[in-house]
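**Student:** mmCIF, C-alpha atoms, file my_file.cif:
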data_structure
loop_
_atom_site.group_PDB
_atom_site.id
_atom_site.type_symbol
_atom_site.label_atom_id
_atom_site.label_comp_id
_atom_site.auth_asym_id
_atom_site.auth_seq_id
_atom_site.Cartn_x
_atom_site.Cartn_y
_atom_site.Cartn_z
ATOM 1 C CA MET A 1 183.289 100.100 148.558
ATOM 2 C CA LYS A 2 180.500 98.787 150.738
ATOM 3 C CA GLN A 3 181.418 101.252 153.460
ATOM 4 C CA LEU A 4 181.448 104.116 150.937
ATOM 5 C CA ALA A 5 178.027 103.072 149.647
ATOM 6 C CA MET A 6 176.667 102.974 153.210
ATOM 7 C CA VAL A 7 178.036 106.471 153.897
ATOM 8 C CA MET A 8 176.484 107.765 150.695
ATOM 9 C CA ASN A 9 173.183 106.153 151.578
ATOM 10 C CA ASN A 10 173.298 107.619 155.052
ATOM 11 C CA ASP A 11 174.112 111.021 153.585
ATOM 12 C CA SER A 12 171.155 110.707 151.222
ATOM 13 C CA VAL A 13 168.835 109.850 154.119
ATOM 14 C CA ALA A 14 170.194 112.734 156.150
ATOM 15 C CA ALA A 15 169.750 115.106 153.226
ATOM 16 C CA THR A 16 166.194 113.911 152.724
ATOM 17 C CA LEU A 17 165.369 114.406 156.411
ATOM 18 C CA ALA A 18 166.997 117.811 156.374
ATOM 19 C CA GLN A 19 164.804 118.787 153.430
ATOM 20 C CA GLY A 20 161.622 117.376 154.990
ATOM 21 C CA HIS A 21 160.011 120.776 155.203
ATOM 22 C CA ASP A 22 160.607 121.410 151.482
ATOM 23 C CA TYR A 23 159.257 117.938 150.732
ATOM 24 C CA LYS A 24 156.043 118.771 152.507
ATOM 25 C CA ARG A 25 155.784 121.977 150.509
ATOM 26 C CA SER A 26 156.114 119.985 147.304
ATOM 27 C CA LEU A 27 153.117 117.848 148.344
ATOM 28 C CA VAL A 28 150.670 120.416 149.699
ATOM 29 C CA GLY A 29 151.943 123.603 148.052
ATOM 30 C CA ASP A 30 153.494 126.716 149.498
ATOM 31 C CA ASP A 31 150.170 128.218 150.647
ATOM 32 C CA LEU A 32 149.282 125.188 152.792
ATOM 33 C CA ALA A 33 152.745 124.195 154.002
ATOM 34 C CA ASP A 34 152.437 125.725 157.450
ATOM 35 C CA ASP A 35 150.025 124.141 159.962
ATOM 36 C CA GLY A 36 148.426 127.495 160.642
ATOM 37 C CA SER A 37 147.686 127.972 156.958
ATOM 38 C CA VAL A 38 146.074 124.526 156.786
ATOM 39 C CA VAL A 39 143.776 125.306 159.734
ATOM 40 C CA ASN A 40 142.846 128.681 158.258
ATOM 41 C CA ALA A 41 142.043 127.116 154.911
ATOM 42 C CA VAL A 42 139.843 124.449 156.528
ATOM 43 C CA ASP A 43 138.049 127.048 158.682
ATOM 44 C CA SER A 44 137.430 129.179 155.640
ATOM 45 C CA ALA A 45 135.986 126.245 153.700
ATOM 46 C CA VAL A 46 133.683 125.257 156.600
ATOM 47 C CA SER A 47 132.541 128.855 157.039
ATOM 48 C CA ASN A 48 131.751 129.185 153.348
ATOM 49 C CA SER A 49 129.772 125.905 153.389
ATOM 50 C CA THR A 50 127.818 127.008 156.468
ATOM 51 C CA ASN A 51 126.973 130.345 154.904
ATOM 52 C CA LYS A 52 125.742 128.624 151.742
ATOM 53 C CA VAL A 53 123.500 126.304 153.781
ATOM 54 C CA MET A 54 122.067 129.198 155.813
ATOM 55 C CA ASP A 55 121.451 131.207 152.647
ATOM 56 C CA ALA A 56 119.645 128.239 151.097
ATOM 57 C CA ILE A 57 117.445 127.833 154.192
ATOM 58 C CA GLY A 58 116.665 131.549 154.197
ATOM 59 C CA GLU A 59 115.687 131.489 150.533
ATOM 60 C CA PHE A 60 113.481 128.445 151.143
ATOM 61 C CA PHE A 61 111.489 130.127 153.927
ATOM 62 C CA GLN A 62 111.207 133.344 151.947
ATOM 63 C CA SER A 63 109.636 131.383 149.103
ATOM 64 C CA LEU A 64 106.871 129.950 151.319
ATOM 65 C CA PRO A 65 103.367 131.488 151.069
ATOM 66 C CA TRP A 66 102.025 133.282 154.155
ATOM 67 C CA PRO A 67 99.422 130.595 155.080
ATOM 68 C CA VAL A 68 102.294 128.218 155.770
ATOM 69 C CA TYR A 69 103.645 130.636 158.377
ATOM 70 C CA VAL A 70 100.218 130.730 160.034
ATOM 71 C CA VAL A 71 100.117 126.929 160.238
ATOM 72 C CA LEU A 72 103.652 126.773 161.623
ATOM 73 C CA ALA A 73 102.795 129.388 164.236
ATOM 74 C CA LEU A 74 99.703 127.441 165.326
ATOM 75 C CA VAL A 75 101.680 124.212 165.580
ATOM 76 C CA ALA A 76 104.345 125.947 167.670
ATOM 77 C CA ALA A 77 101.702 127.501 169.948
ATOM 78 C CA ALA A 78 99.993 124.136 170.411
ATOM 79 C CA PHE A 79 103.310 122.496 171.297
ATOM 80 C CA VAL A 80 104.097 125.189 173.867
ATOM 81 C CA ALA A 81 100.623 124.947 175.389
ATOM 82 C CA TYR A 82 100.850 121.151 175.627
ATOM 83 C CA THR A 83 104.285 121.377 177.259
ATOM 84 C CA LEU A 84 103.041 123.892 179.823
ATOM 85 C CA TYR A 85 99.991 121.734 180.534
ATOM 86 C CA ARG A 86 102.101 118.642 181.137
ATOM 87 C CA ARG A 87 104.293 120.646 183.506
ATOM 88 C CA GLY A 88 101.277 121.781 185.490
ATOM 89 C CA MET A 89 101.423 125.395 184.361
ATOM 90 C CA LEU A 90 98.068 125.283 182.570
ATOM 91 C CA GLY A 91 94.744 123.564 183.073
ATOM 92 C CA TRP A 92 94.263 122.057 186.513
ATOM 93 C CA GLY A 93 97.293 123.641 188.132
ATOM 94 C CA PHE A 94 99.600 120.611 188.428
ATOM 95 C CA SER A 95 101.107 117.843 186.387
ATOM 96 C CA GLU A 96 99.086 114.673 185.878
ATOM 97 C CA GLN A 97 102.388 112.796 186.237
ATOM 98 C CA LYS A 98 102.325 113.632 189.943
ATOM 99 C CA VAL A 99 99.137 111.597 190.392
ATOM 100 C CA VAL A 100 100.286 108.142 191.398
ATOM 101 C CA ALA A 101 98.518 105.109 192.783
ATOM 102 C CA ASP A 102 97.604 105.888 196.372
ATOM 103 C CA ASP A 103 96.252 103.161 198.669
ATOM 104 C CA ALA A 104 94.543 105.903 200.686
ATOM 105 C CA ASP A 105 92.264 106.424 197.665
ATOM 106 C CA ASP A 106 91.397 102.753 197.173
ATOM 107 C CA ILE A 107 87.619 103.010 196.920
ATOM 108 C CA TYR A 108 87.121 99.457 198.190
ATOM 109 C CA GLU A 109 89.507 99.697 201.126
ATOM 110 C CA ILE A 110 88.485 103.069 202.527
ATOM 111 C CA ASP A 111 85.635 103.472 205.037
ATOM 112 C CA LEU A 112 83.729 106.074 203.060
ATOM 113 C CA GLU A 113 80.828 106.447 205.477
ATOM 114 C CA GLY A 114 82.959 106.542 208.615
ATOM 115 C CA GLU A 115 85.465 109.019 207.214
ATOM 116 C CA THR A 116 82.706 111.218 205.808
ATOM 117 C CA GLU A 117 81.057 111.417 209.222
ATOM 118 C CA ALA A 118 84.385 112.344 210.809
ATOM 119 C CA ALA A 119 85.081 114.986 208.149
ATOM 120 C CA LEU A 120 81.632 116.507 208.641
ATOM 121 C CA ARG A 121 82.167 116.615 212.387
ATOM 122 C CA ASP A 122 85.579 118.245 211.998
ATOM 123 C CA GLY A 123 84.540 120.610 209.222
ATOM 124 C CA ASP A 124 87.297 119.218 206.982
ATOM 125 C CA HIS A 125 86.085 120.396 203.577
ATOM 126 C CA ALA A 126 89.137 119.114 201.710
ATOM 127 C CA ALA A 127 88.432 115.616 203.006
ATOM 128 C CA LEU A 128 84.753 115.971 202.118
ATOM 129 C CA VAL A 129 85.607 116.917 198.528
ATOM 130 C CA ARG A 130 87.907 113.915 198.269
ATOM 131 C CA LEU A 131 85.448 111.494 199.838
ATOM 132 C CA THR A 132 82.556 112.689 197.668
ATOM 133 C CA TYR A 133 84.634 112.051 194.566
ATOM 134 C CA LEU A 134 85.759 108.601 195.765
ATOM 135 C CA SER A 135 82.235 107.576 196.691
ATOM 136 C CA THR A 136 81.129 108.604 193.199
ATOM 137 C CA LEU A 137 83.829 106.404 191.715
ATOM 138 C CA ARG A 138 82.623 103.447 193.749
ATOM 139 C CA SER A 139 79.014 103.991 192.662
ATOM 140 C CA LEU A 140 80.055 104.291 189.014
ATOM 141 C CA ASP A 141 82.133 101.112 189.214
ATOM 142 C CA GLU A 142 79.335 99.181 190.885
ATOM 143 C CA ALA A 143 76.970 100.387 188.161
ATOM 144 C CA GLY A 144 79.393 99.182 185.478
ATOM 145 C CA ARG A 145 79.911 102.693 184.093
ATOM 146 C CA ILE A 146 83.657 102.651 184.690
ATOM 147 C CA GLU A 147 86.254 99.929 185.076
ATOM 148 C CA TRP A 148 88.045 101.135 188.179
ATOM 149 C CA ARG A 149 91.677 100.239 188.855
ATOM 150 C CA ILE A 150 93.923 101.730 191.544
ATOM 151 C CA TYR A 151 96.569 102.609 188.952
ATOM 152 C CA LYS A 152 94.201 104.590 186.705
ATOM 153 C CA THR A 153 94.466 108.360 186.888
ATOM 154 C CA PRO A 154 91.365 110.504 187.496
ATOM 155 C CA THR A 155 91.696 111.897 183.982
ATOM 156 C CA GLN A 156 91.501 108.396 182.517
ATOM 157 C CA LEU A 157 88.376 107.681 184.542
ATOM 158 C CA ALA A 158 86.818 110.984 183.439
ATOM 159 C CA ARG A 159 87.273 109.914 179.815
ATOM 160 C CA GLU A 160 85.305 106.748 180.566
ATOM 161 C CA VAL A 161 82.369 108.665 182.034
ATOM 162 C CA ARG A 162 82.372 111.536 179.522
ATOM 163 C CA MET A 163 79.992 113.814 181.400
ATOM 164 C CA GLN A 164 80.640 117.477 182.127
ATOM 165 C CA PRO A 165 79.598 117.251 185.815
ATOM 166 C CA PHE A 166 82.094 114.431 186.326
ATOM 167 C CA TYR A 167 84.815 116.395 184.552
ATOM 168 C CA GLU A 168 84.138 119.214 187.012
ATOM 169 C CA MET A 169 84.239 116.833 189.964
ATOM 170 C CA THR A 170 87.517 115.408 188.731
ATOM 171 C CA ARG A 171 89.037 118.847 188.179
ATOM 172 C CA HIS A 172 88.226 120.053 191.689
ATOM 173 C CA PHE A 173 89.215 116.758 193.285
ATOM 174 C CA LEU A 174 92.643 117.019 191.652
ATOM 175 C CA ARG A 175 93.054 120.661 192.608
ATOM 176 C CA VAL A 176 92.242 119.978 196.258
ATOM 177 C CA ARG A 177 93.822 116.535 196.627
ATOM 178 C CA TYR A 178 97.083 117.105 194.751
ATOM 179 C CA GLY A 179 97.235 120.809 193.991
ATOM 180 C CA LYS A 180 96.616 121.776 197.639
ATOM 181 C CA PHE A 181 93.911 124.254 196.674
ATOM 182 C CA PRO A 182 91.628 125.329 199.540
ATOM 183 C CA ALA A 183 88.145 123.844 199.867
ATOM 184 C CA ASN A 184 85.079 125.275 201.560
ATOM 185 C CA GLN A 185 81.456 124.438 202.295
ATOM 186 C CA ALA A 186 80.289 125.852 198.952
ATOM 187 C CA LEU A 187 82.622 123.599 196.996
ATOM 188 C CA TYR A 188 81.567 120.570 199.010
ATOM 189 C CA GLU A 189 77.912 121.292 198.290
ATOM 190 C CA GLN A 190 78.708 121.770 194.597
ATOM 191 C CA MET A 191 80.452 118.387 194.580
ATOM 192 C CA LEU A 192 77.271 116.823 195.963
ATOM 193 C CA THR A 193 75.234 118.481 193.201
ATOM 194 C CA TRP A 194 77.599 117.218 190.523
ATOM 195 C CA ARG A 195 77.512 113.745 192.053
ATOM 196 C CA GLU A 196 73.731 113.691 191.837
ATOM 197 C CA GLN A 197 73.839 114.804 188.179
ATOM 198 C CA VAL A 198 76.423 112.142 187.339
ATOM 199 C CA MET A 199 74.444 109.362 188.973
ATOM 200 C CA LYS A 200 71.299 110.420 187.118
ATOM 201 C CA GLY A 201 73.184 110.463 183.847
ATOM 202 C CA GLY A 202 72.712 106.812 183.055
ATOM 203 C CA ALA A 203 75.182 104.796 181.031
ATOM 204 C CA SER A 204 77.942 106.830 179.413
#
Before anything else, please render the file you have as structure tokens.

**Tutor:**
Amino acid sequence: MKQLAMVMNNDSVAATLAQGHDYKRSLVGDDLADDGSVVNAVDSAVSNSTNKVMDAIGEFFQSLPWPVYVVLALVAAAFVAYTLYRRGMLGWGFSEQKVVADDADDIYEIDLEGETEAALRDGDHAALVRLTYLSTLRSLDEAGRIEWRIYKTPTQLAREVRMQPFYEMTRHFLRVRYGKFPANQALYEQMLTWREQVMKGGAS
């Protein structure tokens, strides 16, 4: 009897395994029994949900008044302009991130008078522009009008002075020193004029 019961049990298990496909159909239904049908049903549901979300977003923007579009356009334009400026594609022609602490521009380590004489003798206008700017920084620091540190960028120092002539000096210094723009006698003389205006400007 025990052996017969074991055979019957084994036959029942075998029958159940043989009917596994029908068992799955009984759980998920005929339409979803095949794996391909399941995937198609899921894809269809996701697609429908995505379409509903996109339609809702479209209806939301269509309901906005036109001044909102103007504000959004201005914000987008400002973001693009700021990004281009930071990448050196606007403004002074290079990225401020490229300006790093440079011991060659340490205003208290450089021989300003000696190097200026050499630059004048050699006609090195790029060096003269740089040296005029650095000598102005030293004079401003000695006068207590800026708090000079080697790690400060020229733009940070310009914000401390807040004078248009010094902004111009800073802009041309950066263009020549880091942007590799050409310098000439006229620019050097203009730097001297701006320096004189800055030093006559008093406390910022």

**Student:** Would you mind reading off the distance between CA of Tyr167 in chain A and CA of Thr155 in chain A, one decimal, in Å?

**Tutor:**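 For CA of Tyr167 in chain A relative to CA of Thr155 in chain A, the distance reads 8.2 Å.
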
**Student:** So what do you get for CA of Tyr188 in chain A versus CA of Leu112 in chain A, distance-wise?

**Tutor:**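 Going from CA of Tyr188 in chain A over to CA of Leu112 in chain A covers 15.2 Å.
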
**Student:** The PyMOL selection byres ((chain A and resi 134-150) around 10) on the file shown: which residues, as an mmCIF file with C-alpha atoms, keeping the file's coordinate frame?

**Tutor:**
data_model
loop_
_atom_site.group_PDB
_atom_site.id
_atom_site.type_symbol
_atom_site.label_atom_id
_atom_site.label_comp_id
_atom_site.auth_asym_id
_atom_site.auth_seq_id
_atom_site.Cartn_x
_atom_site.Cartn_y
_atom_site.Cartn_z
ATOM 1 C CA VAL A 100 100.286 108.142 191.398
ATOM 2 C CA ALA A 101 98.518 105.109 192.783
ATOM 3 C CA ASP A 102 97.604 105.888 196.372
ATOM 4 C CA ASP A 103 96.252 103.161 198.669
ATOM 5 C CA ASP A 105 92.264 106.424 197.665
ATOM 6 C CA ASP A 106 91.397 102.753 197.173
ATOM 7 C CA ILE A 107 87.619 103.010 196.920
ATOM 8 C CA TYR A 108 87.121 99.457 198.190
ATOM 9 C CA ILE A 110 88.485 103.069 202.527
ATOM 10 C CA ASP A 111 85.635 103.472 205.037
ATOM 11 C CA LEU A 112 83.729 106.074 203.060
ATOM 12 C CA GLU A 113 80.828 106.447 205.477
ATOM 13 C CA THR A 116 82.706 111.218 205.808
ATOM 14 C CA LEU A 128 84.753 115.971 202.118
ATOM 15 C CA VAL A 129 85.607 116.917 198.528
ATOM 16 C CA ARG A 130 87.907 113.915 198.269
ATOM 17 C CA LEU A 131 85.448 111.494 199.838
ATOM 18 C CA THR A 132 82.556 112.689 197.668
ATOM 19 C CA TYR A 133 84.634 112.051 194.566
ATOM 20 C CA TYR A 151 96.569 102.609 188.952
ATOM 21 C CA LYS A 152 94.201 104.590 186.705
ATOM 22 C CA THR A 153 94.466 108.360 186.888
ATOM 23 C CA PRO A 154 91.365 110.504 187.496
ATOM 24 C CA GLN A 156 91.501 108.396 182.517
ATOM 25 C CA LEU A 157 88.376 107.681 184.542
ATOM 26 C CA ALA A 158 86.818 110.984 183.439
ATOM 27 C CA ARG A 159 87.273 109.914 179.815
ATOM 28 C CA GLU A 160 85.305 106.748 180.566
ATOM 29 C CA VAL A 161 82.369 108.665 182.034
ATOM 30 C CA PHE A 166 82.094 114.431 186.326
ATOM 31 C CA MET A 169 84.239 116.833 189.964
ATOM 32 C CA THR A 170 87.517 115.408 188.731
ATOM 33 C CA PHE A 173 89.215 116.758 193.285
ATOM 34 C CA MET A 191 80.452 118.387 194.580
ATOM 35 C CA LEU A 192 77.271 116.823 195.963
ATOM 36 C CA TRP A 194 77.599 117.218 190.523
ATOM 37 C CA ARG A 195 77.512 113.745 192.053
ATOM 38 C CA GLU A 196 73.731 113.691 191.837
ATOM 39 C CA VAL A 198 76.423 112.142 187.339
ATOM 40 C CA MET A 199 74.444 109.362 188.973
ATOM 41 C CA GLY A 202 72.712 106.812 183.055
ATOM 42 C CA ALA A 203 75.182 104.796 181.031
ATOM 43 C CA SER A 204 77.942 106.830 179.413
#

**Student:** Work out how far apart CA of Ser47 in chain A and CA of Leu64 in chain A are and give it in Å to one decimal.

**Tutor:**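 The value is 26.3 Å.
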
**Student:** Residues within 10 Å of Phe181 in chain A, please, as JSON, numbers by chain. Count only C-alpha atoms; anything in the same chain fewer than 3 positions from it doesn't count.

**Tutor:** {"A": [93, 126, 172, 173, 174, 175, 176, 177, 178]}

**Student:** With 8 Å of padding per side, what axis-aligned box (centre and edge lengths, Å, one decimal) covers all the listed atoms of range 119-127 of chain A? Give it as JSON.

**Tutor:**
{"center_x": 85.4, "center_y": 117.8, "center_z": 207.0, "size_x": 23.5, "size_y": 21.6, "size_z": 26.7}

**Student:** Could you check which of A:Gln190, A:Gln197, A:Asn184, A:Thr50 is closest to His125 in chain A, using only C-alpha atoms?

**Tutor:**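 Ranked by minimum distance to His125 in chain A, first place goes to A:Asn184.
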